[in-house]
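Input: a single structure, listed below in structure tokens.
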Amino acid sequence: MFKSGSPVGSPDLRNVVPVYQLPLSHQDRDYLVRWARQYRDHDSIWVGSGKLEVAAYREMADPTSQLSCQGREHCQIIEKATGIPTYYYLFRYYGRLKEKWRLCPLCGERWRVASPRGTTKFSQFEFRCKPCRLVSNVACSIGNDKDERLAIIGEPRRTVRRQNSR
Ligand SMILES: [Zn+2]
């Protein structure tokens, strides 16, 4: 999502927001830039398909991983400083055939964006959970064994699903 520079974007502007323009402390800006670098490192490891491929993918695709938790914390800090709802983009690559029925991995609720692409601020994403401040897309890779096996990363845990089906 962010090849270089700022990891913060605005769906309004369809553009990145430079980190120096965010009303954050010097320390928070510094942490954010370091986090973005770390995210890109994970992305490179995953793309490189070495021994740590799945571990790196999990860090990016599981909202409870250390990398994602830190990213979500940055979102909270930005939201507090700007007063603008700030969502964390959850990466998704491996998926299932019924991908569009995926539930929010944090709360287990439905989070599919109904509006057609390009019609609203959030319609560039297939998924958005307001309370969890999470957006995501339908997986890019669907249909083979590996996709099915790794699709569980980024899906709600069974206990979450059970709680909500009551
Ligand atoms: Zn949620």
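Ordering of the structure tokens sets the chain letters (A, B, ...); residue numbers start at 1 within each chain; ligands are numbered from 1 in the order shown.
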Contacts of region 75-87 of chain A within 9 Å, only C-alpha atoms, excl. fewer than 4 positions in-chain, as a list in words: Val8, Leu22, Pro23, Leu24, Asp28, Gln70, Gly71, Arg128, Cys129, Lys130, Cys132, Arg133, Leu134 and Val135 of chain A
In region 1-157 of chain A, DSSP helix (DSSP H, G or I) residues written as an MDAnalysis selection string: chainID A and resid 19:21 26:48 53:61 66:82 99:101 145:150
Per residue of chain A within 12 Å of ligand 1, note the shortest atom pair and the distance in Å to one decimal, counting only C-alpha atoms and all ligand atoms, and order the rows by chain and increasing residue number, as JSON lines.
```
{"residue": "A:Pro63", "atom": "CA", "partner": "ligand 1", "partner_atom_place_in_ligand_line": "1 (Zn)", "distance": 10.4}
{"residue": "A:Tyr87", "atom": "CA", "partner": "ligand 1", "partner_atom_place_in_ligand_line": "1 (Zn)", "distance": 11.3}
{"residue": "A:Tyr88", "atom": "CA", "partner": "ligand 1", "partner_atom_place_in_ligand_line": "1 (Zn)", "distance": 11.5}
{"residue": "A:Leu90", "atom": "CA", "partner": "ligand 1", "partner_atom_place_in_ligand_line": "1 (Zn)", "distance": 11.8}
{"residue": "A:Arg102", "atom": "CA", "partner": "ligand 1", "partner_atom_place_in_ligand_line": "1 (Zn)", "distance": 11.3}
{"residue": "A:Leu103", "atom": "CA", "partner": "ligand 1", "partner_atom_place_in_ligand_line": "1 (Zn)", "distance": 7.9}
{"residue": "A:Cys104", "atom": "CA", "partner": "ligand 1", "partner_atom_place_in_ligand_line": "1 (Zn)", "distance": 4.6}
{"residue": "A:Pro105", "atom": "CA", "partner": "ligand 1", "partner_atom_place_in_ligand_line": "1 (Zn)", "distance": 6.5}
{"residue": "A:Leu106", "atom": "CA", "partner": "ligand 1", "partner_atom_place_in_ligand_line": "1 (Zn)", "distance": 4.9}
{"residue": "A:Cys107", "atom": "CA", "partner": "ligand 1", "partner_atom_place_in_ligand_line": "1 (Zn)", "distance": 4.0}
{"residue": "A:Gly108", "atom": "CA", "partner": "ligand 1", "partner_atom_place_in_ligand_line": "1 (Zn)", "distance": 6.1}
{"residue": "A:Glu109", "atom": "CA", "partner": "ligand 1", "partner_atom_place_in_ligand_line": "1 (Zn)", "distance": 5.8}
{"residue": "A:Arg110", "atom": "CA", "partner": "ligand 1", "partner_atom_place_in_ligand_line": "1 (Zn)", "distance": 7.8}
{"residue": "A:Trp111", "atom": "CA", "partner": "ligand 1", "partner_atom_place_in_ligand_line": "1 (Zn)", "distance": 7.0}
{"residue": "A:Arg112", "atom": "CA", "partner": "ligand 1", "partner_atom_place_in_ligand_line": "1 (Zn)", "distance": 10.7}
{"residue": "A:Phe127", "atom": "CA", "partner": "ligand 1", "partner_atom_place_in_ligand_line": "1 (Zn)", "distance": 9.9}
{"residue": "A:Arg128", "atom": "CA", "partner": "ligand 1", "partner_atom_place_in_ligand_line": "1 (Zn)", "distance": 8.0}
{"residue": "A:Cys129", "atom": "CA", "partner": "ligand 1", "partner_atom_place_in_ligand_line": "1 (Zn)", "distance": 4.7}
{"residue": "A:Lys130", "atom": "CA", "partner": "ligand 1", "partner_atom_place_in_ligand_line": "1 (Zn)", "distance": 6.9}
{"residue": "A:Pro131", "atom": "CA", "partner": "ligand 1", "partner_atom_place_in_ligand_line": "1 (Zn)", "distance": 5.9}
{"residue": "A:Cys132", "atom": "CA", "partner": "ligand 1", "partner_atom_place_in_ligand_line": "1 (Zn)", "distance": 4.4}
{"residue": "A:Arg133", "atom": "CA", "partner": "ligand 1", "partner_atom_place_in_ligand_line": "1 (Zn)", "distance": 7.3}
{"residue": "A:Leu134", "atom": "CA", "partner": "ligand 1", "partner_atom_place_in_ligand_line": "1 (Zn)", "distance": 6.9}
{"residue": "A:Val135", "atom": "CA", "partner": "ligand 1", "partner_atom_place_in_ligand_line": "1 (Zn)", "distance": 9.4}
{"residue": "A:Ser136", "atom": "CA", "partner": "ligand 1", "partner_atom_place_in_ligand_line": "1 (Zn)", "distance": 11.2}
{"residue": "A:Gly154", "atom": "CA", "partner": "ligand 1", "partner_atom_place_in_ligand_line": "1 (Zn)", "distance": 11.7}
{"residue": "A:Glu155", "atom": "CA", "partner": "ligand 1", "partner_atom_place_in_ligand_line": "1 (Zn)", "distance": 10.8}
{"residue": "A:Pro156", "atom": "CA", "partner": "ligand 1", "partner_atom_place_in_ligand_line": "1 (Zn)", "distance": 9.3}
{"residue": "A:Val160", "atom": "CA", "partner": "ligand 1", "partner_atom_place_in_ligand_line": "1 (Zn)", "distance": 10.5}
{"residue": "A:Arg161", "atom": "CA", "partner": "ligand 1", "partner_atom_place_in_ligand_line": "1 (Zn)", "distance": 11.4}
{"residue": "A:Asn164", "atom": "CA", "partner": "ligand 1", "partner_atom_place_in_ligand_line": "1 (Zn)", "distance": 11.4}
```
Minimum-distance residue to Trp101 (chain A), chosen among A:Gln21, A:Val113, A:Met60, A:Ser68 (using only C-alpha atoms): A:Val113
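Shortest separation to Phe122 (chain A) among A:Glu73, A:His26, A:Tyr57, A:Asn137 occurs at residue A:Asn137, atoms counted being only C-alpha atoms.
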